[in-house]
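The data block below is data.cif; it holds mmCIF, C-alpha atoms.
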data_model
#
loop_
_atom_site.label_atom_id
_atom_site.label_comp_id
_atom_site.auth_asym_id
_atom_site.auth_seq_id
_atom_site.Cartn_x
_atom_site.Cartn_y
_atom_site.Cartn_z
CA MET A 8 83.48 114.56 102.84
CA ILE A 9 86.19 112.77 100.85
CA LYS A 10 87.22 114.22 97.51
CA LEU A 11 88.48 111.54 95.14
CA ARG A 12 90.11 112.49 91.84
CA MET A 13 90.75 109.69 89.35
CA LEU A 14 94.05 110.83 87.87
CA GLY A 15 94.53 107.38 86.36
CA CYS A 16 92.12 104.46 86.46
CA ASN A 17 92.99 102.24 83.50
CA GLY A 18 94.67 98.85 83.34
CA GLY A 19 97.23 100.04 80.80
CA ILE A 20 98.20 102.74 78.32
CA GLY A 21 97.37 103.26 74.66
CA GLY A 22 95.87 106.60 73.71
CA ALA A 23 92.15 107.29 74.16
CA GLY A 24 92.80 108.88 77.54
CA ARG A 25 94.21 105.74 79.15
CA ARG A 26 96.24 106.44 82.30
CA THR A 27 97.37 103.89 84.87
CA THR A 28 96.46 103.84 88.52
CA CYS A 29 96.73 107.04 90.53
CA TYR A 30 94.06 108.48 92.82
CA ALA A 31 94.20 111.82 94.62
CA ILE A 32 92.57 112.12 98.03
CA ASP A 33 91.90 115.82 98.58
CA ASP A 34 94.92 117.77 97.27
CA ASN A 35 97.92 116.37 99.11
CA ILE A 36 97.60 112.56 99.23
CA LEU A 37 97.90 109.98 96.48
CA ILE A 38 97.02 106.34 96.37
CA ASP A 39 99.55 104.87 93.92
CA ALA A 40 101.56 106.84 91.38
CA GLY A 41 100.97 105.40 87.93
CA THR A 42 101.01 107.35 84.69
CA GLY A 43 97.88 109.28 85.70
CA LEU A 44 100.09 111.34 87.98
CA GLY A 45 101.51 113.03 84.88
CA GLU A 46 98.19 114.87 84.50
CA LEU A 47 99.14 117.27 87.31
CA ASN A 48 101.08 120.48 86.75
CA LEU A 49 104.12 121.44 88.82
CA GLU A 50 102.13 123.49 91.32
CA GLN A 51 99.79 120.57 91.93
CA LEU A 52 102.67 118.09 92.17
CA ALA A 53 104.36 120.25 94.79
CA LYS A 54 101.29 120.02 97.05
CA ILE A 55 101.56 116.25 97.33
CA ASP A 56 102.91 115.34 100.75
CA HIS A 57 102.09 111.62 100.91
CA VAL A 58 101.92 108.68 98.51
CA VAL A 59 100.28 105.52 99.84
CA LEU A 60 101.10 102.50 97.68
CA THR A 61 99.10 99.31 97.16
CA HIS A 62 102.02 97.42 95.56
CA ALA A 63 105.10 97.92 93.41
CA HIS A 64 104.03 96.87 89.92
CA ILE A 65 105.17 99.45 87.39
CA ASP A 66 101.67 100.60 86.40
CA HIS A 67 101.21 101.72 90.02
CA ILE A 68 104.61 103.36 90.64
CA ALA A 69 105.75 104.53 87.18
CA CYS A 70 105.64 108.23 88.03
CA LEU A 71 106.84 108.02 91.63
CA PRO A 72 110.53 108.51 90.75
CA LEU A 73 109.61 111.28 88.32
CA LEU A 74 107.49 113.05 90.94
CA THR A 75 110.45 113.14 93.29
CA ASP A 76 112.66 114.66 90.63
CA ALA A 77 110.08 117.20 89.40
CA VAL A 78 109.53 119.02 92.69
CA THR A 79 113.01 119.14 94.20
CA ALA A 80 113.35 122.87 93.50
CA ILE A 81 109.94 123.86 94.89
CA ARG A 82 109.49 121.68 97.99
CA SER A 83 111.21 122.20 101.32
CA GLU A 84 110.07 118.94 102.93
CA PRO A 85 110.56 115.35 101.80
CA LEU A 86 107.85 113.47 99.98
CA GLN A 87 106.53 110.76 102.31
CA VAL A 88 105.88 107.32 100.80
CA TRP A 89 103.95 104.65 102.75
CA ALA A 90 103.62 100.96 101.95
CA LEU A 91 103.90 97.41 103.20
CA PRO A 92 107.44 96.39 104.22
CA GLY A 93 107.80 94.16 101.16
CA VAL A 94 106.87 97.03 98.87
CA ILE A 95 109.43 99.32 100.50
CA ASP A 96 112.09 96.63 100.02
CA ILE A 97 111.29 96.50 96.29
CA LEU A 98 111.56 100.29 95.95
CA VAL A 99 114.93 100.31 97.72
CA LYS A 100 116.42 97.40 95.79
CA HIS A 101 115.00 98.00 92.34
CA ILE A 102 114.05 101.68 91.93
CA PHE A 103 115.92 104.08 94.21
CA ASN A 104 119.20 102.20 93.82
CA ASP A 105 121.38 104.65 91.84
CA LEU A 106 120.99 102.37 88.82
CA VAL A 107 117.38 102.58 87.71
CA TRP A 108 117.01 105.96 89.47
CA PRO A 109 119.04 108.09 91.88
CA ASP A 110 118.64 107.21 95.53
CA PHE A 111 116.64 110.25 96.55
CA THR A 112 116.30 108.79 100.06
CA ARG A 113 119.80 110.18 100.71
CA ILE A 114 119.97 113.09 98.22
CA PRO A 115 120.82 115.88 98.84
CA SER A 116 121.68 114.41 102.26
CA ALA A 117 120.66 111.48 104.41
CA SER A 118 119.42 113.88 107.09
CA HIS A 119 117.21 115.87 104.69
CA PRO A 120 116.41 113.77 101.60
CA PHE A 121 113.96 114.48 98.82
CA ILE A 122 111.93 111.36 99.69
CA THR A 123 111.40 109.20 102.75
CA LEU A 124 110.10 105.63 102.61
CA HIS A 125 107.96 104.39 105.51
CA THR A 126 106.45 101.03 106.32
CA LEU A 127 102.81 101.12 107.32
CA PRO A 128 102.15 101.05 111.08
CA GLU A 129 102.05 97.52 112.50
CA ASN A 130 99.53 98.09 115.27
CA GLY A 131 96.88 100.29 113.74
CA PRO A 132 95.86 102.45 110.80
CA LEU A 133 97.94 105.15 109.16
CA GLN A 134 96.64 108.59 110.12
CA LEU A 135 97.42 111.40 107.68
CA GLY A 136 95.75 114.55 108.98
CA ASP A 137 92.06 113.77 109.27
CA ILE A 138 92.22 110.80 106.89
CA ARG A 139 92.78 107.26 108.10
CA PHE A 140 94.19 104.44 105.97
CA THR A 141 93.69 100.84 107.07
CA PRO A 142 95.39 98.18 104.91
CA LEU A 143 93.04 95.50 103.56
CA PRO A 144 93.99 92.03 102.32
CA ALA A 145 94.82 91.48 98.66
CA ASN A 146 95.86 88.44 96.67
CA HIS A 147 98.23 89.43 93.89
CA GLY A 148 101.26 87.16 94.17
CA ILE A 149 103.58 89.87 95.54
CA PRO A 150 103.39 92.12 98.62
CA ALA A 151 100.13 93.98 98.04
CA CYS A 152 97.14 95.38 99.87
CA GLY A 153 93.98 97.39 99.43
CA TYR A 154 92.89 100.19 101.73
CA LEU A 155 89.92 101.34 103.74
CA VAL A 156 90.05 105.14 103.68
CA GLU A 157 87.99 106.96 106.32
CA LYS A 158 87.24 110.61 107.01
CA ASN A 159 84.42 112.17 109.02
CA GLN A 160 82.38 108.94 109.21
CA VAL A 161 82.67 108.29 105.46
CA ALA A 162 84.55 105.23 104.22
CA LEU A 163 85.89 104.25 100.80
CA ALA A 164 87.44 100.88 100.01
CA PHE A 165 90.16 100.37 97.40
CA SER A 166 90.82 96.82 96.27
CA GLY A 167 94.20 97.46 94.69
CA ASP A 168 95.15 94.74 92.22
CA THR A 169 93.94 91.37 93.44
CA ALA A 170 92.41 88.05 92.63
CA ASP A 171 89.30 87.19 94.60
CA CYS A 172 90.11 87.75 98.28
CA PRO A 173 87.31 86.81 100.71
CA PRO A 174 88.82 88.63 103.75
CA PHE A 175 88.69 91.91 101.82
CA TRP A 176 84.95 91.52 101.27
CA THR A 177 84.33 90.51 104.88
CA VAL A 178 85.65 93.91 106.01
CA LEU A 179 83.40 95.70 103.54
CA GLU A 180 80.28 93.78 104.50
CA GLN A 181 80.80 94.77 108.15
CA ASN A 182 81.36 98.49 107.54
CA THR A 183 78.15 100.50 107.86
CA GLN A 184 79.84 103.75 106.75
CA LEU A 185 81.03 102.41 103.40
CA ALA A 186 80.06 104.81 100.60
CA ALA A 187 81.94 103.27 97.69
CA VAL A 188 84.33 100.54 96.64
CA ILE A 189 86.95 101.32 94.01
CA LEU A 190 87.35 97.90 92.50
CA GLU A 191 89.58 96.48 89.81
CA CYS A 192 88.05 94.42 87.01
CA SER A 193 90.79 93.67 84.53
CA TYR A 194 89.16 91.14 82.24
CA PRO A 195 85.81 90.23 80.64
CA ARG A 196 84.19 86.83 81.04
CA ARG A 197 85.97 85.28 78.05
CA MET A 198 89.34 85.94 79.69
CA ALA A 199 88.62 84.46 83.12
CA ASP A 200 91.60 82.12 82.75
CA MET A 201 93.95 85.04 82.17
CA ALA A 202 92.52 86.76 85.26
CA LYS A 203 93.38 83.70 87.35
CA ILE A 204 96.89 83.42 85.90
CA SER A 205 97.65 87.10 86.52
CA GLN A 206 95.79 87.24 89.86
CA HIS A 207 93.30 89.86 88.80
CA LEU A 208 89.50 90.02 88.87
CA ASP A 209 87.24 89.22 85.94
CA VAL A 210 83.61 90.18 85.37
CA ASP A 211 81.97 87.19 87.04
CA SER A 212 84.16 87.49 90.15
CA VAL A 213 83.15 91.13 90.49
CA ILE A 214 79.46 90.40 89.94
CA ASN A 215 79.41 87.71 92.62
CA ARG A 216 80.99 90.02 95.18
CA LEU A 217 79.07 93.21 94.42
CA ARG A 218 75.74 91.45 94.76
CA ASP A 219 76.51 90.91 98.45
CA LEU A 220 77.06 94.61 99.18
CA PRO A 221 74.23 96.99 100.10
CA GLU A 222 72.75 98.72 97.06
CA LYS A 223 73.63 102.13 98.52
CA VAL A 224 77.35 101.40 98.09
CA ALA A 225 78.67 102.79 94.81
CA SER A 226 80.91 100.50 92.77
CA ILE A 227 83.62 102.33 90.82
CA VAL A 228 85.18 99.91 88.34
CA VAL A 229 88.82 100.54 87.47
CA HIS A 230 91.85 98.83 85.92
CA ARG A 231 90.04 97.61 82.81
CA LYS A 232 92.63 96.36 80.36
CA PRO A 233 93.12 98.35 77.12
CA GLY A 234 90.69 97.43 74.37
CA MET A 235 88.42 95.53 76.75
CA GLU A 236 86.79 98.48 78.48
CA GLU A 237 83.50 98.45 76.59
CA GLU A 238 83.12 94.68 76.84
CA ILE A 239 83.65 94.72 80.59
CA GLU A 240 81.26 97.65 81.03
CA ALA A 241 78.51 95.98 79.00
CA GLU A 242 78.78 92.71 80.90
CA LEU A 243 78.69 94.39 84.30
CA LYS A 244 75.80 96.70 83.41
CA GLN A 245 73.74 93.79 82.15
CA ALA A 246 74.28 91.72 85.29
CA LEU A 247 74.06 94.54 87.85
CA LYS A 248 71.02 96.48 86.68
CA GLY A 249 69.70 98.85 89.30
CA ARG A 250 72.99 99.15 91.16
CA ASP A 251 75.22 102.23 91.28
CA VAL A 252 78.06 100.97 89.06
CA ARG A 253 80.39 103.60 87.62
CA PHE A 254 83.08 103.47 84.95
CA PRO A 255 85.35 106.48 85.47
CA VAL A 256 87.65 108.21 83.02
CA HIS A 257 90.88 109.89 84.00
CA GLY A 258 90.35 113.29 85.57
CA GLN A 259 86.91 112.45 86.93
CA VAL A 260 86.16 113.74 90.44
CA TYR A 261 83.86 112.13 93.00
CA GLN A 262 82.82 113.47 96.38
CA PHE A 263 81.54 111.24 99.16
#

Target format structure tokens, applied to this file:
Amino acid sequence: MIKLRMLGCNGGIGGAGRRTTCYAIDDNILIDAGTGLGELNLEQLAKIDHVVLTHAHIDHIACLPLLTDAVTAIRSEPLQVWALPGVIDILVKHIFNDLVWPDFTRIPSASHPFITLHTLPENGPLQLGDIRFTPLPANHGIPACGYLVEKNQVALAFSGDTADCPPFWTVLEQNTQLAAVILECSYPRRMADMAKISQHLDVDSVINRLRDLPEKVASIVVHRKPGMEEEIEAELKQALKGRDVRFPVHGQVYQF
């Protein structure tokens, strides 16, 4: 069983419970570290051992530097961050650079820092305990990926932020253990042009892809832009009647 907690699942901030992307897998692993991470108390933050990043846009990493700072007094081991090489380069150059934020990769010492940054394995999946992370293709204009997350013959797919990306869907269509896809849909139909410009998915792109998946696969729609949530939900529900399409709020927990 995989326990998935939606700490943040919105495409922006703005009251009404909007929190940006952060998903907890069980109690000690995060996918991304957006503003939803701020929902956890100190004890819960201290249990996080690994953060697996899809990309380095601020809505997905906003709370990563703050997490590092919050738990320095109550953790004895470094926080482990995993990402594509290009994402790690961005974190080194633009976040943990002693300008935007202290370089916690060498504080309090280079031999025992508060955080360690790791590139994803080149020749296979990332294994964290009994959970396996396999990067999936994404198309977002910067170094970015989705993930196939597997545990005990259950698989979840995370799109990350992406425009339409056929190779991502090919992997999903071939996986017989897939229980759910956590899929971004940033814009309604009327803003399809903006979706293309920003390399995100709009309603019609999502509809076309979900129709090709088995009906047993749950579709969890995330990253809806502020103020557009109800419009996106209505359009998807109308087009995908009879399918298991879910629209989570922050704090919601799923078990697969």

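Closest approach to Gln51 in chain A from the set A:His257, A:Lys10, A:His207, A:Arg82 is made by A:Arg82, with distances taken over all atoms listed in the file.
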
(message) Taking the file as I've supplied it (selection: the PyMOL selection byres ((chain A and resi 53-68) around 8)), which residues are included? Please answer as number ranges by chain.
(response) A: 18-19, 27-29, 34-42, 49-52, 69-72, 78, 81-82, 85-91, 94, 97-98, 149-154, 167-168

(request) Run through the PyMOL selection byres ((chain A and resi 229) around 7) on the given coordinates and return the selected residues as a ChimeraX atom specification. (result) /A:16-17,189-192,227-228,230-231,254

(request) Please indicate the distance in Å from CA of His101 in chain A to CA of Ala117 in chain A, rounded to one decimal place. (result) 19.0 Å

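For the choices A:Pro195, A:Ala186, A:Leu208, A:Met201, the atom-to-atom distance to Leu220 in chain A is smallest for A:Ala186 when using all atoms listed in the file.
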
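Evaluated against this file, the PyMOL selection byres ((chain A and resi 221) around 12) yields Leu179, Glu180, Gln181, Asn182, Thr183, Gln184, Leu185, Ala186, Ala187, Val188, Arg216, Leu217, Arg218, Asp219, Leu220, Glu222, Lys223, Val224, Ala225, Ser226, Gly249, Arg250 and Asp251 of chain A.
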
Resulting file, chosen residues, C-alpha atoms, as a tab-separated table (two decimals), in the coordinates of the input:
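In the end it all went to selection.tsv:
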chain	number	residue	atom	x	y	z
A	179	LEU	CA	83.40	95.70	103.54
A	180	GLU	CA	80.28	93.78	104.50
A	181	GLN	CA	80.80	94.77	108.15
A	182	ASN	CA	81.36	98.49	107.54
A	183	THR	CA	78.15	100.50	107.86
A	184	GLN	CA	79.84	103.75	106.75
A	185	LEU	CA	81.03	102.41	103.40
A	186	ALA	CA	80.06	104.81	100.60
A	187	ALA	CA	81.94	103.27	97.69
A	188	VAL	CA	84.33	100.54	96.64
A	216	ARG	CA	80.99	90.02	95.18
A	217	LEU	CA	79.07	93.21	94.42
A	218	ARG	CA	75.74	91.45	94.76
A	219	ASP	CA	76.51	90.91	98.45
A	220	LEU	CA	77.06	94.61	99.18
A	222	GLU	CA	72.75	98.72	97.06
A	223	LYS	CA	73.63	102.13	98.52
A	224	VAL	CA	77.35	101.40	98.09
A	225	ALA	CA	78.67	102.79	94.81
A	226	SER	CA	80.91	100.50	92.77
A	249	GLY	CA	69.70	98.85	89.30
A	250	ARG	CA	72.99	99.15	91.16
A	251	ASP	CA	75.22	102.23	91.28

(request) Report the distance between CA of Pro128 in chain A and CA of Thr141 in chain A in Å, rounded to one decimal place. (result)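 These two atoms are separated by 9.4 Å.
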
Mind listing as a compact mmCIF listing (two decimals) with C-alpha atoms, keeping the file's coordinate frame all residues within 6 Å of (113.2, 112.5, 101.7), counting all atoms listed in the file?
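Dumped to part-v6.txt:
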# COMPACT_ATOMS: atom_id res chain seq x y z
CA PRO A 85 110.56 115.35 101.80
CA LEU A 86 107.85 113.47 99.98
CA THR A 112 116.30 108.79 100.06
CA PRO A 120 116.41 113.77 101.60
CA PHE A 121 113.96 114.48 98.82
CA ILE A 122 111.93 111.36 99.69
CA THR A 123 111.40 109.20 102.75

(request) Give me, please, the distance in Å between CA of Ser193 in chain A and CA of Asp209 in chain A, quoted to one decimal. (result)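 The value is 5.9 Å.
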
Find the spatial neighbours of range 234-245 of chain A, counting all atoms listed in the file, within a cut-off of 7 Å - ignore same-chain residues fewer than 2 positions away - and output them as a PDB file with C-alpha atoms, in the coordinates of the input.
ATOM      1  CA  TYR A 194      89.160  91.140  82.240  1.00  0.00           C
ATOM      2  CA  PRO A 195      85.810  90.230  80.640  1.00  0.00           C
ATOM      3  CA  VAL A 210      83.610  90.180  85.370  1.00  0.00           C
ATOM      4  CA  ILE A 214      79.460  90.400  89.940  1.00  0.00           C
ATOM      5  CA  ARG A 231      90.040  97.610  82.810  1.00  0.00           C
ATOM      6  CA  LYS A 232      92.630  96.360  80.360  1.00  0.00           C
ATOM      7  CA  LEU A 247      74.060  94.540  87.850  1.00  0.00           C
ATOM      8  CA  LYS A 248      71.020  96.480  86.680  1.00  0.00           C
TER       9      LYS A 248
END

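Distances from A:Arg113, A:Arg197, A:Arg12, A:His125 to Asp96 in chain A were compared using only C-alpha atoms, and the smallest one belongs to A:His125.
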
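Distance annotation: of A:Pro255, A:Gly136, A:Leu73, A:Asp200, the residue with the minimal separation from Arg25 in chain A is A:Pro255; atom set is all atoms listed in the file.
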
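Checking A:Asp171, A:Pro115, A:Arg139, A:Ile95 one by one against Val156 in chain A, counting only C-alpha atoms, you find the shortest gap at A:Arg139.
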
(request) Identify which of the residues A:Leu135, A:Asp105, A:Ile204, A:Ala199 lies closest to Asp33 in chain A, counting all atoms listed in the file when measuring atom-to-atom distances. (result)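 Nearest candidate to Asp33 in chain A out of A:Leu135, A:Asp105, A:Ile204, A:Ala199: A:Leu135.
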
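Those residues that approach Asp137 in chain A to within 10 Å, counting all atoms listed in the file, are Glu157, Lys158 and Asn159 of chain A; same-chain residues fewer than 5 positions away are not listed.
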
For C-alpha atoms, I'd like the residues from the last selection saved as a PDB file, in the coordinates of the input.
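part_18.pdb, written as the output of this step:
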ATOM      1  CA  GLU A 157      87.990 106.960 106.320  1.00  0.00           C
ATOM      2  CA  LYS A 158      87.240 110.610 107.010  1.00  0.00           C
ATOM      3  CA  ASN A 159      84.420 112.170 109.020  1.00  0.00           C
TER       4      ASN A 159
END

Is it possible to get the axis-aligned box enclosing range 244-260 of chain A (all listed atoms, 5 Å extra per side) as AutoDock Vina command-line options, with centre and edge lengths in Å rounded to one decimal?
--center_x 80.3 --center_y 102.7 --center_z 86.7 --size_x 31.2 --size_y 32.0 --size_z 19.1
